[in-house]
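start-v6.cif (mmCIF, C-alpha atoms) appears below.
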```
data_run
loop_
_atom_site.label_atom_id
_atom_site.label_comp_id
_atom_site.auth_asym_id
_atom_site.auth_seq_id
_atom_site.Cartn_x
_atom_site.Cartn_y
_atom_site.Cartn_z
CA MET R 628 84.63 57.40 -90.84
CA LYS R 629 81.85 54.91 -91.59
CA LYS R 630 82.48 55.40 -95.32
CA TYR R 631 86.19 54.51 -94.98
CA PHE R 632 85.36 51.46 -92.90
CA LEU R 633 82.94 50.26 -95.60
CA ILE R 634 85.55 50.72 -98.35
CA ILE R 635 88.20 48.78 -96.36
CA ALA R 636 85.68 45.99 -95.67
CA LEU R 637 84.80 45.75 -99.37
CA VAL R 638 88.48 45.61 -100.39
CA LEU R 639 89.13 42.85 -97.81
CA LEU R 640 86.12 40.84 -98.95
CA SER R 641 87.09 41.06 -102.64
CA SER R 642 90.68 39.98 -101.88
CA VAL R 643 89.35 36.90 -100.01
CA GLY R 644 87.25 36.05 -103.09
CA ILE R 645 90.29 36.27 -105.40
CA SER R 646 92.58 34.18 -103.19
CA ARG R 647 90.05 31.30 -103.01
CA ALA R 648 90.57 30.43 -106.68
CA GLN R 649 86.90 29.93 -107.40
CA LEU R 650 85.41 28.76 -110.70
CA SER R 651 82.20 30.37 -111.91
CA VAL R 652 80.31 27.18 -111.02
CA SER R 653 78.21 27.07 -107.88
CA SER R 654 78.72 23.68 -106.29
CA GLY R 655 80.58 22.00 -103.46
CA PRO R 656 83.39 19.40 -103.55
CA LYS R 657 82.93 16.65 -106.13
CA VAL R 658 84.78 13.49 -107.02
CA ALA R 659 85.59 13.35 -110.73
CA THR R 660 86.35 9.94 -112.17
CA ILE R 661 88.51 9.57 -115.28
CA ASN R 662 86.27 8.27 -118.04
CA ASP R 663 87.25 7.20 -121.59
CA LYS R 664 83.66 7.82 -122.79
CA ILE R 665 84.32 11.57 -122.64
CA ASN R 666 87.47 11.37 -124.78
CA GLN R 667 90.71 9.41 -125.02
CA ASN R 668 92.53 9.63 -121.68
CA GLN R 669 96.23 9.35 -122.28
CA PHE R 670 99.75 10.49 -121.64
CA VAL R 671 101.44 11.44 -124.91
CA TRP R 672 105.21 11.37 -124.58
CA LEU R 673 108.08 12.47 -126.75
CA SER R 674 111.64 11.22 -126.67
CA LYS R 675 114.09 13.45 -128.53
CA ALA R 676 117.47 11.88 -129.26
CA PRO R 677 120.22 12.62 -131.81
CA LEU R 678 119.41 9.53 -133.93
CA GLU R 679 115.64 9.41 -133.60
CA ASN R 680 112.59 11.14 -132.17
CA ILE R 681 109.99 8.75 -130.79
CA GLN R 682 106.43 9.72 -129.96
CA GLY R 683 104.21 7.39 -127.99
CA THR R 684 101.21 7.13 -125.74
CA SER R 685 100.27 5.49 -122.50
CA GLU R 686 96.61 4.68 -122.28
CA GLY R 687 94.64 2.64 -119.74
CA VAL R 688 94.42 5.73 -117.54
CA LYS R 689 92.39 5.47 -114.34
CA GLY R 690 91.90 7.64 -111.32
CA THR R 691 89.79 10.05 -109.35
CA ILE R 692 90.22 13.71 -108.57
CA THR R 693 88.44 15.51 -105.78
CA ILE R 694 87.64 18.98 -106.97
CA ASP R 695 85.89 21.82 -105.22
CA PRO R 696 84.89 24.41 -107.84
CA LYS R 697 84.58 26.95 -105.01
CA ASP R 698 88.18 26.39 -103.92
CA LEU R 699 90.53 24.77 -106.45
CA SER R 700 93.48 24.93 -104.05
CA LYS R 701 91.91 21.93 -102.28
CA LEU R 702 92.23 19.74 -105.38
CA THR R 703 93.61 16.24 -104.67
CA GLY R 704 93.63 12.91 -106.47
CA THR R 705 95.47 9.94 -107.85
CA ILE R 706 96.01 9.13 -111.52
CA SER R 707 97.52 5.92 -112.85
CA THR R 708 98.28 4.42 -116.23
CA ASP R 709 99.02 0.85 -117.32
CA VAL R 710 102.63 0.47 -118.49
CA ALA R 711 101.55 -2.42 -120.76
CA SER R 712 99.28 -0.03 -122.70
CA MET R 713 102.23 1.96 -124.09
CA LYS R 714 102.28 2.38 -127.86
CA THR R 715 104.86 3.89 -130.19
CA GLY R 716 103.39 2.91 -133.57
CA ASN R 717 105.80 -0.02 -133.96
CA GLY R 718 104.89 -3.41 -132.42
CA PRO R 719 108.40 -4.81 -131.73
CA ARG R 720 109.49 -1.48 -130.20
CA ASP R 721 106.38 -1.49 -127.94
CA SER R 722 107.42 -4.94 -126.67
CA HIS R 723 110.95 -3.70 -125.90
CA LEU R 724 109.59 -0.62 -124.13
CA VAL R 725 107.53 -2.62 -121.64
CA GLY R 726 110.14 -5.36 -121.36
CA PRO R 727 112.52 -5.99 -118.43
CA GLN R 728 115.32 -3.77 -119.78
CA TRP R 729 113.10 -0.71 -119.97
CA LEU R 730 109.88 -0.12 -118.00
CA ASP R 731 109.36 -3.76 -116.94
CA ALA R 732 105.55 -3.90 -117.04
CA ASN R 733 105.46 -7.29 -115.28
CA LYS R 734 107.31 -6.00 -112.23
CA TYR R 735 106.04 -2.40 -112.28
CA PRO R 736 102.63 -2.54 -114.00
CA GLN R 737 101.58 1.04 -113.28
CA ILE R 738 102.83 4.61 -113.36
CA THR R 739 101.06 6.81 -110.83
CA PHE R 740 100.85 10.44 -109.82
CA LYS R 741 99.35 11.28 -106.45
CA ILE R 742 98.45 14.95 -106.10
CA ALA R 743 99.30 16.21 -102.62
CA SER R 744 98.69 19.93 -103.03
CA VAL R 745 97.88 22.59 -105.57
CA THR R 746 99.35 26.08 -105.59
CA ASN R 747 99.38 29.30 -107.63
CA VAL R 748 95.86 28.71 -108.98
CA LYS R 749 94.64 31.29 -111.47
CA VAL R 750 91.01 31.18 -112.58
CA GLU R 751 89.32 32.61 -115.64
CA GLY R 752 85.64 31.72 -115.93
CA ASN R 753 85.43 27.92 -115.90
CA ALA R 754 89.10 27.40 -116.72
CA ALA R 755 92.06 27.46 -114.40
CA THR R 756 95.81 26.97 -114.31
CA GLY R 757 98.07 26.06 -111.42
CA TYR R 758 100.86 23.87 -110.12
CA ALA R 759 100.26 20.41 -108.69
CA THR R 760 102.80 18.97 -106.28
CA GLY R 761 102.71 15.24 -105.85
CA THR R 762 104.46 11.90 -105.92
CA PHE R 763 105.25 10.46 -109.33
CA THR R 764 105.97 6.73 -109.21
CA MET R 765 107.52 4.89 -112.15
CA HIS R 766 109.67 1.76 -112.42
CA GLY R 767 109.41 1.32 -108.64
CA VAL R 768 110.89 4.76 -107.89
CA SER R 769 108.88 7.59 -106.33
CA LYS R 770 109.85 11.23 -106.77
CA SER R 771 108.18 14.47 -105.78
CA LEU R 772 107.26 16.51 -108.86
CA LEU R 773 105.84 19.98 -109.40
CA ILE R 774 103.64 19.82 -112.50
CA PRO R 775 102.03 22.83 -114.18
CA PHE R 776 98.45 22.05 -115.15
CA SER R 777 95.37 23.57 -116.67
CA LEU R 778 91.76 22.50 -116.24
CA ARG R 779 88.46 23.25 -117.86
CA TYR R 780 85.20 22.64 -116.00
CA VAL R 781 82.10 22.07 -118.12
CA PRO R 782 78.85 22.00 -116.10
CA GLU R 783 76.32 19.29 -117.03
CA SER R 784 74.19 20.12 -120.07
CA GLU R 785 72.41 18.36 -122.96
CA LYS R 786 75.72 18.47 -124.84
CA THR R 787 77.81 16.97 -122.03
CA ARG R 788 75.24 14.23 -121.32
CA LEU R 789 75.90 12.85 -124.82
CA ARG R 790 79.34 11.85 -123.54
CA ALA R 791 78.84 11.15 -119.84
CA PRO R 792 76.53 12.15 -116.98
CA GLY R 793 77.49 14.87 -114.49
CA ASP R 794 79.84 17.80 -114.86
CA LEU R 795 82.87 17.20 -117.08
CA VAL R 796 86.42 18.21 -116.24
CA MET R 797 89.45 18.22 -118.51
CA PHE R 798 92.94 18.28 -117.05
CA ALA R 799 96.01 18.98 -119.16
CA ALA R 800 99.62 19.01 -118.03
CA ASP R 801 103.04 19.25 -119.63
CA PHE R 802 106.17 18.14 -117.80
CA ASP R 803 109.53 16.42 -118.22
CA ILE R 804 111.03 13.41 -116.48
CA ALA R 805 114.63 12.18 -116.59
CA LEU R 806 114.91 8.42 -117.16
CA LYS R 807 117.92 8.11 -114.84
CA ASP R 808 115.84 9.55 -111.95
CA PHE R 809 113.63 6.47 -112.23
CA ASN R 810 116.46 3.95 -112.81
CA VAL R 811 115.42 3.30 -116.41
CA ALA R 812 118.74 2.44 -118.06
CA GLY R 813 117.55 0.53 -121.15
CA THR R 814 119.92 -1.38 -123.40
CA ASP R 815 123.58 -0.31 -123.44
CA GLY R 816 124.19 3.02 -125.16
CA VAL R 817 120.62 3.52 -126.37
CA VAL R 818 119.67 6.25 -123.86
CA GLY R 819 121.24 9.43 -125.18
CA SER R 820 121.52 8.20 -128.78
CA LYS R 821 118.20 6.64 -129.87
CA VAL R 822 116.17 7.43 -126.74
CA GLY R 823 116.23 10.83 -125.05
CA GLU R 824 117.65 11.16 -121.54
CA THR R 825 114.61 13.32 -120.73
CA ILE R 826 111.08 12.43 -121.80
CA HIS R 827 108.50 15.15 -122.34
CA ILE R 828 105.03 14.10 -121.19
CA LYS R 829 101.72 15.69 -122.12
CA ALA R 830 98.75 14.50 -120.08
CA GLN R 831 95.20 14.78 -121.39
CA LEU R 832 92.63 13.59 -118.88
CA PHE R 833 88.86 13.73 -119.01
CA ALA R 834 86.67 13.07 -115.98
CA ASN R 835 83.01 13.26 -114.98
CA THR R 836 81.50 13.93 -111.58
CA ALA R 837 78.69 11.36 -111.75
CA SER R 838 79.47 7.70 -111.12
CA MET S 240 121.79 0.37 -173.77
CA ARG S 241 118.75 -1.44 -172.35
CA ASN S 242 120.72 -2.38 -169.23
CA ARG S 243 121.74 1.21 -168.75
CA GLY S 244 118.11 2.37 -168.92
CA VAL S 245 117.02 -0.20 -166.33
CA ALA S 246 119.96 0.80 -164.08
CA LEU S 247 118.92 4.45 -164.24
CA ILE S 248 115.32 3.50 -163.29
CA LEU S 249 116.69 1.52 -160.32
CA PHE S 250 118.88 4.45 -159.17
CA GLY S 251 115.89 6.77 -159.55
CA THR S 252 113.71 4.42 -157.48
CA ALA S 253 116.41 4.27 -154.77
CA ALA S 254 116.62 8.08 -154.70
CA GLY S 255 112.81 8.25 -154.51
CA LEU S 256 112.82 5.85 -151.56
CA LEU S 257 115.40 8.00 -149.77
CA VAL S 258 113.28 11.11 -150.28
CA TRP S 259 110.11 9.28 -149.09
CA TRP S 260 111.96 8.09 -145.97
CA LEU S 261 113.26 11.59 -145.21
CA VAL S 262 109.88 13.26 -145.79
CA ALA S 263 108.10 10.60 -143.67
CA GLY S 264 110.22 11.55 -140.66
CA ALA S 265 113.44 9.52 -141.14
CA HIS S 266 112.37 6.81 -138.69
CA VAL S 267 114.76 4.02 -137.77
CA PHE S 268 111.88 1.53 -137.41
CA THR S 269 108.86 1.13 -139.69
CA MET S 270 105.67 2.38 -138.11
CA THR S 271 102.26 0.82 -138.67
CA SER S 272 100.31 3.67 -137.10
CA ARG S 273 100.81 7.35 -136.40
CA LEU S 274 99.39 9.97 -134.05
CA VAL S 275 96.94 12.46 -135.50
CA GLN S 276 95.34 15.38 -133.70
CA VAL S 277 91.56 15.45 -133.47
CA LYS S 278 89.76 18.59 -132.33
CA ASP S 279 87.46 18.37 -129.32
CA GLU S 280 84.95 21.20 -129.68
CA LEU S 281 83.45 20.74 -126.20
CA PHE S 282 86.74 21.42 -124.40
CA GLY S 283 88.29 23.59 -127.12
CA THR S 284 91.38 21.41 -127.36
CA THR S 285 93.00 18.80 -129.59
CA VAL S 286 93.42 15.16 -128.61
CA ASP S 287 95.93 12.71 -130.12
CA HIS S 288 94.54 9.53 -131.68
CA TRP S 289 96.32 6.62 -133.36
CA GLU S 290 95.58 6.15 -137.04
CA LYS S 291 96.71 3.22 -139.20
CA ALA S 292 99.53 4.23 -141.53
CA PHE S 293 102.62 2.79 -143.16
CA ILE S 294 105.68 4.90 -142.46
CA PRO S 295 108.86 3.25 -143.77
CA GLY S 296 111.78 2.80 -141.41
CA LEU S 297 115.48 2.59 -142.18
CA GLU S 298 115.39 -1.19 -141.62
CA VAL S 299 113.13 -1.47 -144.72
CA VAL S 300 114.37 1.45 -146.82
CA GLY S 301 118.11 0.79 -146.22
CA PRO S 302 118.32 -2.83 -147.52
CA THR S 303 115.86 -2.06 -150.37
CA MET S 304 118.02 0.85 -151.53
CA LEU S 305 121.15 -1.29 -151.22
CA ILE S 306 119.60 -4.02 -153.43
CA LEU S 307 118.38 -1.48 -156.03
CA ILE S 308 121.77 0.26 -156.23
CA SER S 309 123.69 -3.07 -156.34
CA VAL S 310 121.56 -4.41 -159.21
CA GLY S 311 121.90 -1.05 -161.02
CA VAL S 312 125.70 -1.06 -160.66
CA TRP S 313 125.83 -4.72 -161.83
CA LEU S 314 123.72 -3.88 -164.91
CA LEU S 315 125.98 -0.92 -165.76
CA TYR S 316 129.06 -3.11 -165.32
CA ARG S 317 127.55 -5.80 -167.62
CA ASP S 318 126.63 -3.19 -170.21
CA ARG S 319 130.14 -1.73 -170.16
CA LYS S 320 131.74 -5.21 -170.39
CA ARG S 321 129.53 -6.12 -173.37
CA LYS S 322 130.47 -2.85 -175.10
CA THR S 323 134.20 -3.51 -174.52
CA VAL S 324 133.90 -7.07 -175.96
CA SER S 325 132.00 -5.83 -179.06
CA THR S 326 134.60 -3.05 -179.61
CA ILE S 327 137.48 -5.59 -179.46
CA GLN S 328 135.61 -7.96 -181.85
CA ALA S 329 135.02 -5.07 -184.29
#
```

structure tokens encoding of this file:
Amino acid sequence: MKKYFLIIALVLLSSVGISRAQLSVSSGPKVATINDKINQNQFVWLSKAPLENIQGTSEGVKGTITIDPKDLSKLTGTISTDVASMKTGNGPRDSHLVGPQWLDANKYPQITFKIASVTNVKVEGNAATGYATGTFTMHGVSKSLLIPFSLRYVPESEKTRLRAPGDLVMFAADFDIALKDFNVAGTDGVVGSKVGETIHIKAQLFANTAS
Amino acid sequence: MRNRGVALILFGTAAGLLVWWLVAGAHVFTMTSRLVQVKDELFGTTVDHWEKAFIPGLEVVGPTMLILISVGVWLLYRDRKRKTVSTIQA
């Protein structure tokens, strides 16, 4: 009887360990700050339209993420990027993009994503994947988005200190947004012909846990 | 004959420009920089960086091709006209 009780207890304990989505790093909750010294923080976006494909970036990324390596489901944070930092490789087009007919950087200077909760976290060593639910705000419109993400946690070492102090964390995410959901109409007839109705966004964010 | 040779070079250059434009991505607007992927060994990923480059757009290639073809056609027309005049004189 004792033997069966021990087996059941072990099974229960191991299932608790799995459900806590724990990285193989032993530390408590930490605040990771996005830092360009680690690597280029940016959102790379792609507009696919019948007449032209446009690839661009949004830099000037700032933000903090609270991460508990022992329980990734508690991950929260806010990330923002400067609209005026958008680049497409063509100066006049960059000016149009941030102008009043498109993203209107003067009126809406930032695009933000506020992570409210994280679900379906799967961990493998110091890497993890999951889904972040949060509020995406662009062009003065806020929408709730579910964004699949991956992260890699690199504990502090001689190698990491060459870039920034503390533990380093990389977040990557791929998601789509529809321009009409954020009231971005652009110039007449351009959306759907030269600019895609949906924009694919790839986020690459690098943060460190020491201030 | 000389006009015809120059016209052929102009048509060839126009065709070359078209091929360059198509191979470079068939952009509507000329780009002065492009995204290149740089490997980050620490995180085992690639990161996009801007690199200076000249990628011709249709607004540059289109008018240039139009000028080259127009001059070529004009040279061919002049060559043909001259030939006709010399044939009549003979």

### Task
Find the residues of chain S in contact range of chain R, meaning any atom within 12 Å when counting all atoms listed in the file, and list them as an NGL selection string.
:S and (264-297)

Determine, counting only C-alpha atoms, every residue of protein, DNA or RNA that lies within 6 Å of (83.6, 8.8, -120.9) in the file coordinates, then give the result as a PDB file with C-alpha atoms, in the coordinates of the input.
```pdb
ATOM      1  CA  ASN R 662      86.270   8.270-118.040  1.00  0.00           C
ATOM      2  CA  ASP R 663      87.250   7.200-121.590  1.00  0.00           C
ATOM      3  CA  LYS R 664      83.660   7.820-122.790  1.00  0.00           C
ATOM      4  CA  ILE R 665      84.320  11.570-122.640  1.00  0.00           C
ATOM      5  CA  ARG R 790      79.340  11.850-123.540  1.00  0.00           C
ATOM      6  CA  ALA R 791      78.840  11.150-119.840  1.00  0.00           C
TER       7      ALA R 791
END
```

### Task
Tell me which protein, DNA and RNA residues are within 12 Å of Leu305 (chain S), counting only C-alpha atoms, leaving out same-chain ones fewer than 4 positions away, and put them as a ChimeraX atom specification.
/S:249-250,252-254,256-257,297-301,309-312

#### Entry: Two-atom distance - CA of Gly757 (chain R), CA of Ile694 (chain R) (Å)
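Answer for the CA of Gly757 (chain R) to CA of Ile694 (chain R) separation: 13.4 Å.
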
### Query
Which value, in Å to one decimal, gives the distance between CA of Val258 (chain S) and CA of Arg243 (chain S)?
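So the answer is 22.6 Å.
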
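We find CA of Trp260 (chain S) and CA of Val245 (chain S) to be spaced 22.6 Å apart.
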
### Task
Go through R:Thr836, R:Asn733, R:Asn747, R:Gln728 and flag the residue nearest Thr814 (chain R), using only C-alpha atoms for the distances.
R:Gln728

### Which of S:Thr303, S:Trp259, S:Asn242, S:Ile248 sits closest to Lys322 (chain S) [using all atoms listed in the file]
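Using all atoms listed in the file, the shortest distance to Lys322 (chain S) belongs to S:Asn242.
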
#### Entry: Option closest in space to Ala754 (chain R), from R:Ser771, R:Glu824, R:Pro727, R:Leu699 [counting all atoms listed in the file]
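Answer, going by the shortest atom-to-atom distance: R:Leu699.
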
### Query
Exactly which residues make up the result of the PyMOL selection byres ((chain R and resi 698) around 9) on this file, given as a list of chain:residue names?
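That expression, the PyMOL selection byres ((chain R and resi 698) around 9), corresponds here to R:Ser646, R:Arg647, R:Ala648, R:Gln649, R:Leu650, R:Gly655, R:Pro656, R:Ile694, R:Asp695, R:Pro696, R:Lys697, R:Leu699, R:Ser700, R:Lys701, R:Leu702.
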
### Query
If the PyMOL selection byres ((chain R and resi 800) around 9) is run on the structure shown, which residues does it catch, given as number ranges by chain?
R: 774-778, 798-799, 801-802, 828-832

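Contact shell of Ala732 (chain R) at 12 Å (all atoms listed in the file; same-chain neighbours under 3 positions omitted): Thr708, Asp709, Val710, Ala711, Ser712, Met713, Asp721, Ser722, His723, Leu724, Val725, Gly726, Pro727, Gln728, Trp729, Tyr735, Pro736, Gln737, Ile738, Met765, His766 and Gly767 of chain R.
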
### Task
Return as JSON, numbers by chain the set of residues that the PyMOL selection byres ((chain R and resi 805) around 9) yields on the displayed structure.
{"R": [803, 804, 806, 807, 808, 809, 811, 823, 824, 825, 826, 827]}
